[in-house]
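Everything below belongs to target_0.cif, which stores mmCIF, C-alpha atoms.
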```
data_input
#
loop_
_atom_site.label_atom_id
_atom_site.label_comp_id
_atom_site.auth_asym_id
_atom_site.auth_seq_id
_atom_site.Cartn_x
_atom_site.Cartn_y
_atom_site.Cartn_z
CA MET J 600 -0.74 15.10 -4.33
CA ARG J 601 2.73 14.15 -5.55
CA TYR J 602 5.97 15.03 -3.80
CA GLU J 603 9.52 15.53 -4.95
CA THR J 604 11.39 12.57 -3.53
CA GLN J 605 14.55 13.50 -1.66
CA TRP J 606 16.77 10.66 -0.43
CA SER J 607 19.14 10.70 2.48
CA ALA J 608 21.36 8.29 4.38
CA ALA J 609 19.89 7.07 7.67
CA ILE J 610 20.70 4.82 10.60
CA VAL J 611 18.42 2.36 12.37
CA ARG J 612 18.47 3.56 15.98
CA SER J 613 16.44 0.78 17.54
CA VAL J 614 14.56 -2.39 16.68
CA LYS J 615 11.87 -4.12 18.74
CA ASN J 616 8.90 -6.41 18.30
CA PRO J 617 5.57 -5.06 19.59
CA THR J 618 4.09 -8.42 18.51
CA PRO J 619 5.71 -11.66 17.31
CA GLU J 620 4.80 -10.88 13.67
CA VAL J 621 5.49 -7.11 13.68
CA ARG J 622 8.84 -5.39 14.00
CA GLN J 623 9.19 -1.67 14.81
CA PHE J 624 12.12 0.42 13.63
CA GLU J 625 13.24 3.87 14.75
CA ILE J 626 15.08 5.43 11.81
CA VAL J 627 17.19 8.59 12.06
CA PRO J 628 18.04 10.29 8.74
CA GLU J 629 20.99 12.64 8.38
CA GLY J 630 19.95 15.96 9.88
CA GLY J 631 17.13 14.37 11.87
CA ALA J 632 13.56 13.48 11.01
CA GLN J 633 11.36 16.12 9.37
CA PRO J 634 7.92 17.05 10.74
CA TYR J 635 5.08 15.37 8.86
CA HIS J 636 1.30 15.27 8.70
CA PRO J 637 -0.83 12.29 9.84
CA GLY J 638 -1.12 9.62 7.16
CA SER J 639 2.41 10.19 5.82
CA HIS J 640 4.85 7.50 4.77
CA ILE J 641 8.50 7.22 3.84
CA GLN J 642 10.14 5.19 1.12
CA VAL J 643 12.96 2.83 2.05
CA SER J 644 15.58 1.49 -0.35
CA VAL J 645 15.61 -2.30 0.05
CA MET J 646 17.37 -5.27 -1.50
CA ILE J 647 15.17 -8.13 -2.71
CA ALA J 648 15.94 -11.51 -4.24
CA GLY J 649 16.13 -11.68 -8.03
CA ALA J 650 17.01 -14.29 -10.62
CA GLY J 651 20.56 -12.94 -10.90
CA GLY J 652 21.04 -12.12 -7.22
CA GLU J 653 19.80 -9.30 -5.03
CA LEU J 654 18.16 -6.32 -6.72
CA ALA J 655 17.59 -2.79 -5.43
CA ASP J 656 13.95 -1.79 -4.98
CA VAL J 657 11.79 0.61 -2.96
CA ARG J 658 9.10 -0.03 -0.34
CA CYS J 659 6.71 2.42 1.34
CA TYR J 660 6.02 2.30 5.09
CA SER J 661 3.51 4.40 7.00
CA LEU J 662 4.90 6.61 9.76
CA VAL J 663 3.57 5.64 13.18
CA GLY J 664 2.41 8.60 15.25
CA ASP J 665 1.83 12.20 14.22
CA ARG J 666 5.36 13.47 14.88
CA PRO J 667 8.97 12.21 14.99
CA VAL J 668 10.25 10.60 18.20
CA ASP J 669 13.44 12.36 19.35
CA GLY J 670 14.49 13.02 15.76
CA ALA J 671 13.52 9.56 14.47
CA TYR J 672 10.84 8.17 12.19
CA ARG J 673 8.92 5.19 13.54
CA VAL J 674 7.73 2.46 11.13
CA ALA J 675 6.35 -1.02 11.74
CA VAL J 676 6.67 -3.94 9.33
CA ARG J 677 4.73 -7.19 9.43
CA CYS J 678 6.69 -10.25 8.34
CA GLN J 679 4.92 -11.43 5.17
CA SER J 680 5.51 -15.05 4.10
CA GLU J 681 4.30 -14.13 0.60
CA SER J 682 6.43 -10.98 0.51
CA ARG J 683 8.34 -10.05 -2.66
CA GLY J 684 11.28 -9.44 -0.34
CA GLY J 685 10.74 -6.05 1.28
CA SER J 686 9.62 -7.28 4.69
CA ARG J 687 12.34 -9.94 4.74
CA TYR J 688 14.95 -7.27 4.07
CA MET J 689 13.59 -5.03 6.83
CA TRP J 690 13.47 -7.90 9.31
CA ARG J 691 17.18 -8.54 8.72
CA LEU J 692 18.06 -5.03 9.87
CA GLU J 693 19.54 -4.54 13.32
CA ALA J 694 20.22 -1.46 15.41
CA GLY J 695 23.11 0.45 13.85
CA ALA J 696 22.28 -0.62 10.27
CA ARG J 697 22.73 2.07 7.62
CA ILE J 698 19.97 2.48 5.05
CA CYS J 699 18.60 5.08 2.63
CA VAL J 700 15.18 6.70 3.13
CA SER J 701 13.08 9.38 1.48
CA ASN J 702 11.51 12.49 2.91
CA PRO J 703 7.95 12.06 4.28
CA GLN J 704 5.21 11.95 1.65
CA ASN J 705 1.45 11.87 2.07
CA LEU J 706 -1.15 10.28 -0.20
CA PHE J 707 -3.54 9.67 2.71
CA ALA J 708 -3.91 13.13 4.21
CA LEU J 709 -6.23 13.74 7.15
CA SER J 710 -8.53 16.73 6.73
CA PHE J 711 -9.62 18.70 9.77
CA GLY J 712 -12.89 20.52 10.48
CA ARG J 713 -15.40 17.71 9.92
CA PRO J 714 -18.14 17.21 12.54
CA GLN J 715 -17.17 13.58 13.14
CA TYR J 716 -14.60 10.96 12.11
CA LEU J 717 -14.54 7.18 12.02
CA LEU J 718 -11.11 5.54 11.81
CA LEU J 719 -10.97 1.85 10.90
CA ALA J 720 -7.83 -0.32 11.03
CA GLY J 721 -7.36 -3.99 10.28
CA GLY J 722 -4.14 -5.70 11.42
CA ILE J 723 -0.97 -3.85 10.39
CA GLY J 724 -3.28 -1.22 8.87
CA ILE J 725 -3.13 0.39 12.31
CA THR J 726 0.19 2.07 11.41
CA PRO J 727 -1.19 5.25 9.76
CA MET J 728 -4.19 5.34 12.10
CA VAL J 729 -2.10 5.87 15.24
CA GLY J 730 -1.00 9.32 14.07
CA MET J 731 -4.48 10.23 12.83
CA ALA J 732 -6.06 9.31 16.16
CA PHE J 733 -3.49 11.27 18.18
CA ALA J 734 -3.85 14.33 15.93
CA LEU J 735 -7.65 14.28 16.13
CA GLN J 736 -7.48 13.93 19.90
CA ARG J 737 -5.16 16.95 20.20
CA ALA J 738 -7.54 18.91 17.96
CA GLY J 739 -10.50 18.08 20.20
CA ALA J 740 -12.32 16.34 17.33
CA ASP J 741 -15.22 13.91 17.69
CA PHE J 742 -13.87 10.54 16.54
CA ARG J 743 -13.67 6.81 17.20
CA LEU J 744 -11.01 4.31 16.22
CA LEU J 745 -12.14 0.77 15.42
CA TYR J 746 -9.21 -1.66 15.57
CA LEU J 747 -9.76 -5.19 14.16
CA GLY J 748 -7.44 -8.14 14.68
CA ARG J 749 -7.30 -11.87 15.42
CA ASN J 750 -6.30 -11.46 19.05
CA ARG J 751 -4.86 -8.84 21.37
CA ALA J 752 -1.38 -10.40 21.37
CA GLY J 753 -1.14 -9.87 17.61
CA MET J 754 -2.35 -6.24 17.58
CA PRO J 755 0.60 -3.79 17.72
CA PHE J 756 0.35 -0.51 19.66
CA VAL J 757 -2.85 -1.57 21.42
CA ASP J 758 -1.52 -0.70 24.90
CA GLU J 759 -0.29 2.71 23.74
CA LEU J 760 -3.63 3.44 22.07
CA GLU J 761 -5.62 2.46 25.15
CA ARG J 762 -3.54 4.78 27.33
CA GLN J 763 -3.90 7.70 24.94
CA LEU J 764 -7.45 7.28 23.62
CA GLY J 765 -9.48 5.66 26.39
CA ASP J 766 -13.04 4.94 25.30
CA LYS J 767 -12.45 6.42 21.83
CA LEU J 768 -10.75 3.11 21.00
CA CYS J 769 -12.91 0.08 20.20
CA LEU J 770 -11.21 -3.32 19.86
CA PHE J 771 -12.65 -6.19 17.83
CA GLN J 772 -10.81 -9.50 18.30
CA GLY J 773 -11.93 -12.23 15.93
CA GLU J 774 -10.85 -15.15 18.12
CA GLU J 775 -13.11 -13.85 20.90
CA GLY J 776 -16.04 -13.51 18.51
CA LYS J 777 -15.95 -9.71 18.60
CA ARG J 778 -16.67 -8.42 15.10
CA ALA J 779 -17.48 -4.94 13.90
CA ASP J 780 -20.94 -4.29 12.45
CA LEU J 781 -19.81 -2.14 9.52
CA ALA J 782 -23.31 -1.18 8.41
CA ARG J 783 -24.25 0.01 11.89
CA GLU J 784 -20.98 1.91 12.36
CA ILE J 785 -21.42 3.72 9.04
CA ALA J 786 -25.06 4.51 9.79
CA ALA J 787 -24.04 6.06 13.13
CA LEU J 788 -21.48 8.37 11.50
CA HIS J 789 -22.54 12.03 11.06
CA PRO J 790 -23.84 12.70 7.51
CA GLN J 791 -20.90 15.06 6.91
CA GLY J 792 -18.43 12.80 8.71
CA GLU J 793 -15.45 11.09 7.11
CA LEU J 794 -14.26 7.49 7.32
CA TYR J 795 -10.55 6.69 7.07
CA MET J 796 -9.52 3.07 6.79
CA CYS J 797 -6.46 0.90 6.24
CA GLY J 798 -6.42 -2.87 6.19
CA PRO J 799 -6.68 -6.02 4.09
CA LEU J 800 -8.44 -5.88 0.73
CA ARG J 801 -11.35 -8.04 1.89
CA LEU J 802 -12.05 -5.61 4.73
CA MET J 803 -11.66 -2.67 2.40
CA ASP J 804 -14.06 -4.19 -0.13
CA ALA J 805 -16.61 -4.79 2.62
CA VAL J 806 -16.36 -1.19 3.81
CA ARG J 807 -16.67 0.21 0.31
CA ARG J 808 -19.72 -1.97 -0.32
CA GLU J 809 -21.47 -0.88 2.89
CA TRP J 810 -20.53 2.75 2.26
CA LYS J 811 -22.08 2.63 -1.21
CA GLN J 812 -25.23 0.89 0.03
CA ALA J 813 -25.64 3.59 2.66
CA GLY J 814 -25.68 6.22 -0.11
CA ARG J 815 -22.64 8.01 1.27
CA SER J 816 -20.45 10.35 -0.74
CA GLN J 817 -17.38 8.58 -2.10
CA ALA J 818 -15.36 11.73 -1.37
CA ASP J 819 -15.89 11.12 2.37
CA LEU J 820 -14.37 7.63 2.29
CA ARG J 821 -10.57 7.65 2.42
CA PHE J 822 -8.42 4.55 2.40
CA GLU J 823 -4.82 3.44 2.40
CA THR J 824 -3.44 0.10 1.25
CA PHE J 825 -0.36 -1.70 2.50
CA GLY J 826 -0.35 -4.56 -0.01
CA SER J 827 -2.49 -7.63 -0.49
CA SER J 828 -1.69 -11.29 -0.66
CA GLY J 829 -4.59 -11.70 -3.09
CA ARG J 830 -6.92 -14.68 -3.38
CA PHE J 831 -4.17 -17.10 -4.38
CA ALA J 832 -0.63 -17.81 -3.21
CA PRO J 833 1.97 -16.24 -5.54
CA GLU J 834 3.27 -18.58 -8.22
CA PRO J 835 5.35 -18.12 -11.39
CA PHE J 836 3.47 -17.21 -14.55
CA LYS J 837 4.19 -16.02 -18.09
CA VAL J 838 3.31 -12.69 -19.65
CA LYS J 839 3.16 -12.27 -23.42
CA VAL J 840 3.48 -8.65 -24.56
CA SER J 841 1.68 -8.79 -27.89
CA ASP J 842 2.56 -5.28 -29.05
CA GLN J 843 6.29 -5.87 -28.55
CA ASP J 844 6.51 -9.61 -29.31
CA ILE J 845 8.10 -10.38 -25.92
CA GLU J 846 7.42 -13.20 -23.48
CA VAL J 847 8.44 -12.72 -19.84
CA LEU J 848 8.49 -15.15 -16.92
CA VAL J 849 7.34 -13.57 -13.65
CA ALA J 850 8.82 -15.32 -10.61
CA ASP J 851 6.69 -15.91 -7.52
CA ASP J 852 8.71 -13.31 -5.53
CA LYS J 853 8.59 -10.62 -8.21
CA SER J 854 5.86 -8.29 -9.46
CA MET J 855 4.74 -8.29 -13.08
CA LEU J 856 5.83 -4.67 -13.38
CA GLN J 857 9.31 -5.46 -12.11
CA ALA J 858 9.71 -8.44 -14.47
CA LEU J 859 8.52 -6.42 -17.46
CA ARG J 860 10.87 -3.54 -16.69
CA GLU J 861 13.82 -5.90 -16.34
CA ALA J 862 12.93 -7.30 -19.77
CA GLY J 863 13.01 -3.81 -21.28
CA VAL J 864 9.25 -3.21 -21.46
CA ASP J 865 8.57 0.46 -20.73
CA ILE J 866 5.46 0.94 -18.53
CA MET J 867 4.48 4.04 -16.62
CA PHE J 868 4.06 3.63 -12.85
CA ASP J 869 3.95 5.64 -9.64
CA CYS J 870 2.44 4.32 -6.40
CA LEU J 871 3.51 0.63 -6.63
CA ARG J 872 0.51 -0.18 -4.44
CA GLY J 873 -2.33 -0.63 -6.93
CA GLU J 874 -3.86 2.76 -6.23
CA CYS J 875 -2.95 5.24 -8.99
CA GLY J 876 -3.68 3.19 -12.13
CA LEU J 877 -0.70 4.40 -14.16
CA CYS J 878 0.62 0.86 -14.70
CA VAL J 879 -2.69 -0.56 -15.97
CA VAL J 880 -2.42 -2.60 -19.19
CA GLU J 881 -5.00 -4.15 -21.50
CA VAL J 882 -5.47 -7.91 -21.17
CA THR J 883 -6.20 -9.58 -24.52
CA HIS J 884 -6.08 -13.24 -23.46
CA THR J 885 -5.84 -15.21 -20.22
CA GLU J 886 -4.99 -18.85 -19.62
CA GLY J 887 -5.92 -19.56 -16.03
CA GLU J 888 -7.20 -16.79 -13.77
CA LEU J 889 -6.32 -13.21 -12.89
CA ASP J 890 -5.64 -12.39 -9.24
CA HIS J 891 -6.51 -8.70 -8.89
CA ARG J 892 -4.78 -7.12 -5.87
CA ASP J 893 -5.39 -3.44 -6.59
CA VAL J 894 -7.92 -0.89 -5.38
CA PHE J 895 -7.91 1.16 -8.59
CA LEU J 896 -10.06 -0.95 -10.91
CA SER J 897 -13.79 -1.22 -10.25
CA GLU J 898 -15.40 -4.54 -9.45
CA ALA J 899 -16.91 -4.56 -12.95
CA GLU J 900 -13.51 -3.98 -14.54
CA LYS J 901 -11.96 -6.76 -12.50
CA TYR J 902 -14.80 -9.11 -13.41
CA SER J 903 -14.38 -8.37 -17.13
CA GLY J 904 -10.72 -9.44 -16.99
CA ARG J 905 -9.72 -6.88 -19.62
CA LYS J 906 -7.40 -4.75 -17.49
CA LEU J 907 -4.66 -5.43 -14.94
CA CYS J 908 -2.54 -3.36 -12.55
CA THR J 909 0.95 -4.71 -13.20
CA CYS J 910 2.47 -3.40 -9.97
CA VAL J 911 0.51 -5.74 -7.67
CA SER J 912 -1.79 -8.10 -9.59
CA ARG J 913 -0.86 -11.52 -10.94
CA ALA J 914 -2.00 -14.45 -13.06
CA VAL J 915 -2.62 -17.95 -11.73
CA GLN J 916 -2.09 -21.31 -13.44
CA GLY J 917 -1.09 -20.16 -16.88
CA CYS J 918 -0.20 -17.22 -19.05
CA VAL J 919 -1.62 -13.76 -19.61
CA THR J 920 -1.30 -11.80 -22.85
CA ILE J 921 -1.23 -8.02 -22.55
CA ASP J 922 -1.07 -4.95 -24.77
CA THR J 923 0.86 -2.02 -23.27
CA GLY J 924 -0.28 0.45 -25.93
CA TYR J 925 3.18 0.81 -27.46
CA ARG J 926 3.18 1.34 -31.24
CA ASN J 927 6.54 1.54 -32.98
CA VAL J 928 5.37 3.86 -35.74
CA GLU J 929 7.78 6.29 -37.31
CA ILE J 930 6.75 9.91 -37.71
CA HIS J 931 9.13 11.97 -39.81
CA ALA J 932 9.27 15.58 -38.67
CA GLY J 933 11.38 17.90 -40.78
CA GLY J 934 12.77 15.23 -43.07
CA PRO J 935 14.44 11.81 -42.85
CA GLY J 936 16.29 10.86 -39.70
CA ASN J 937 13.81 12.47 -37.28
CA ALA J 938 11.74 9.40 -36.51
CA LEU J 939 9.85 9.23 -33.19
CA PRO J 940 8.00 6.31 -31.58
CA VAL J 941 4.29 6.81 -30.98
CA PHE J 942 2.36 5.55 -27.95
CA SER J 943 -1.38 5.04 -28.36
#
```
Please express what this file holds, its structure, as structure tokens.
Amino acid sequence: MRYETQWSAAIVRSVKNPTPEVRQFEIVPEGGAQPYHPGSHIQVSVMIAGAGGELADVRCYSLVGDRPVDGAYRVAVRCQSESRGGSRYMWRLEAGARICVSNPQNLFALSFGRPQYLLLAGGIGITPMVGMAFALQRAGADFRLLYLGRNRAGMPFVDELERQLGDKLCLFQGEEGKRADLAREIAALHPQGELYMCGPLRLMDAVRREWKQAGRSQADLRFETFGSSGRFAPEPFKVKVSDQDIEVLVADDKSMLQALREAGVDIMFDCLRGECGLCVVEVTHTEGELDHRDVFLSEAEKYSGRKLCTCVSRAVQGCVTIDTGYRNVEIHAGGPGNALPVFS
């Protein structure tokens, strides 16, 4: 589902750190926060570093909880060392800061009426799961929330969740050797149950693999991404756009999509999270290796190296040549002077 984005001025009411690496913000838009459904997010206008100075961009943050808190949205942001700049911008904000935010939008909607639910969160992926768990509890649903992290001190909202959920919350702390048995958890889920998950790509890939091996319906597996650092640290690389005879340098703190747009290359996009596939381009040649960070392409497509999601994925140690599908062919409709470009 797509939403009409409506922007409004907002003020940061409070800032606090539930963990050393996570910062929580209460944001009050003009007119107060709107009601929203579990799994919703807001967009925030941010300023990120660019070659010519700071550039305006947009980041999406899941809303924590299933309702506003005294007229405010609650979001939590993990400080990412490999961030393209969004988390660094958010971490610079203090109480009283004025920002611009969108209305709530939901691409990760929770459906009600299933016989059982399994919620799975890894790290900062807990943010959308808090609201889902609270909503399911209020609805009297049969559910469990599995929360995975390195240690308790680094797991935000764990105290709040324990107070609210009791034994419906199961904690798995890697440093204590407590790890979730994904195959067993999926096998124990009701045949018509649904699994909702948010977390790192490696965890997501493991869940999808176990889900498929269990013969479960793909429609009953729902997931949300919050970005991936990929298999390699970000580094600069070149992109050659063969169909437009353009070569672009992508900085280590900039996405391929952003660099291409700044160079005048027109590419469709929507989610900016590697989910929708609108920004996918054909890869005709690669020097080095592709670092796929999306959840749209299949494992086979990623292995083939013939496609790439420009909004999140990168190249490593070299240059990648792409074809966007643009064809500057003139079609004359109604006589000379009515030429139109054609996209194939």
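Here, the PyMOL selection byres ((chain J and resi 910) around 9) matches Ser854, Met855, Leu856, Gln857, Phe868, Cys870, Leu871, Arg872, Gly873, Cys878, Val879, Asp893, Leu907, Cys908, Thr909, Val911, Ser912 and Arg913 of chain J.
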If you keep C-alpha atoms, can you produce a file of those selected residues as a PDB file, keeping the file's coordinate frame?
```
ATOM      1  CA  SER J 854       5.860  -8.290  -9.460  1.00  0.00           C
ATOM      2  CA  MET J 855       4.740  -8.290 -13.080  1.00  0.00           C
ATOM      3  CA  LEU J 856       5.830  -4.670 -13.380  1.00  0.00           C
ATOM      4  CA  GLN J 857       9.310  -5.460 -12.110  1.00  0.00           C
ATOM      5  CA  PHE J 868       4.060   3.630 -12.850  1.00  0.00           C
ATOM      6  CA  CYS J 870       2.440   4.320  -6.400  1.00  0.00           C
ATOM      7  CA  LEU J 871       3.510   0.630  -6.630  1.00  0.00           C
ATOM      8  CA  ARG J 872       0.510  -0.180  -4.440  1.00  0.00           C
ATOM      9  CA  GLY J 873      -2.330  -0.630  -6.930  1.00  0.00           C
ATOM     10  CA  CYS J 878       0.620   0.860 -14.700  1.00  0.00           C
ATOM     11  CA  VAL J 879      -2.690  -0.560 -15.970  1.00  0.00           C
ATOM     12  CA  ASP J 893      -5.390  -3.440  -6.590  1.00  0.00           C
ATOM     13  CA  LEU J 907      -4.660  -5.430 -14.940  1.00  0.00           C
ATOM     14  CA  CYS J 908      -2.540  -3.360 -12.550  1.00  0.00           C
ATOM     15  CA  THR J 909       0.950  -4.710 -13.200  1.00  0.00           C
ATOM     16  CA  VAL J 911       0.510  -5.740  -7.670  1.00  0.00           C
ATOM     17  CA  SER J 912      -1.790  -8.100  -9.590  1.00  0.00           C
ATOM     18  CA  ARG J 913      -0.860 -11.520 -10.940  1.00  0.00           C
TER      19      ARG J 913
END
```
**Study point:** Among listed residues J:Asp741, J:Asp656, J:Glu629, J:Glu881, nearest Gly670 (chain J) (using only C-alpha atoms)
**Key:**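 Nearest candidate to Gly670 (chain J) out of J:Asp741, J:Asp656, J:Glu629, J:Glu881: J:Glu629.
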**Study point:** For Ala818 (chain J): contacts at 12 Å, all atoms listed in the file, fewer than 4 positions along chain excluded, given as a PyMOL selection string
**Key:** chain J and resi 710+791-795+807+810-811+814+822
Would you output that residue set with C-alpha atoms, as a tab-separated table (two decimals), in the coordinates of the input?
```tsv
chain	number	residue	atom	x	y	z
J	710	SER	CA	-8.53	16.73	6.73
J	791	GLN	CA	-20.90	15.06	6.91
J	792	GLY	CA	-18.43	12.80	8.71
J	793	GLU	CA	-15.45	11.09	7.11
J	794	LEU	CA	-14.26	7.49	7.32
J	795	TYR	CA	-10.55	6.69	7.07
J	807	ARG	CA	-16.67	0.21	0.31
J	810	TRP	CA	-20.53	2.75	2.26
J	811	LYS	CA	-22.08	2.63	-1.21
J	814	GLY	CA	-25.68	6.22	-0.11
J	822	PHE	CA	-8.42	4.55	2.40
```
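For the pair CA of Val840 (chain J) and CA of Glu888 (chain J), the separation is 17.2 Å.
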**Study point:** region 607-624 of chain J surroundings by all atoms listed in the file, 9 Å radius, close-in-sequence under 3 positions cut, as a ChimeraX atom specification
**Key:** /J:627-629,631,671-679,689-690,692-702,723,752-756
Exercise for review: Mind giving me the straight-line distance from CA of Gln633 (chain J) to CA of Gly724 (chain J) in Å, one decimal?
Suggested key: 22.7 Å
For the interface of region 624-712 of chain J with region 735-740 of chain J (cut-off 12 Å, counting all atoms listed in the file), please tabulate each contacting residue of region 624-712 of chain J alongside its nearest pair of atoms and their separation in Å to one decimal, rows sorted by chain and increasing number, as JSON lines.
```
{"residue": "J:His636", "atom": "CA", "partner": "J:Leu735", "partner_atom": "CA", "distance": 11.7}
{"residue": "J:Pro637", "atom": "CA", "partner": "J:Leu735", "partner_atom": "CA", "distance": 9.5}
{"residue": "J:Gly664", "atom": "CA", "partner": "J:Leu735", "partner_atom": "CA", "distance": 11.6}
{"residue": "J:Asp665", "atom": "CA", "partner": "J:Leu735", "partner_atom": "CA", "distance": 9.9}
{"residue": "J:Leu709", "atom": "CA", "partner": "J:Leu735", "partner_atom": "CA", "distance": 9.1}
{"residue": "J:Ser710", "atom": "CA", "partner": "J:Leu735", "partner_atom": "CA", "distance": 9.8}
{"residue": "J:Phe711", "atom": "CA", "partner": "J:Leu735", "partner_atom": "CA", "distance": 8.0}
{"residue": "J:Gly712", "atom": "CA", "partner": "J:Ala740", "partner_atom": "CA", "distance": 8.0}
```
Could you write those residues out with C-alpha atoms, as a CSV table (one decimal), keeping the file's coordinate frame?
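File part16.csv, as written:
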```
chain,number,residue,atom,x,y,z
J,636,HIS,CA,1.3,15.3,8.7
J,637,PRO,CA,-0.8,12.3,9.8
J,664,GLY,CA,2.4,8.6,15.2
J,665,ASP,CA,1.8,12.2,14.2
J,709,LEU,CA,-6.2,13.7,7.2
J,710,SER,CA,-8.5,16.7,6.7
J,711,PHE,CA,-9.6,18.7,9.8
J,712,GLY,CA,-12.9,20.5,10.5
```
Exercise for review: Could you jot down the CA of Ile626 (chain J) to CA of Tyr746 (chain J) separation for me, Å, one decimal place?
Suggested key: 25.6 Å
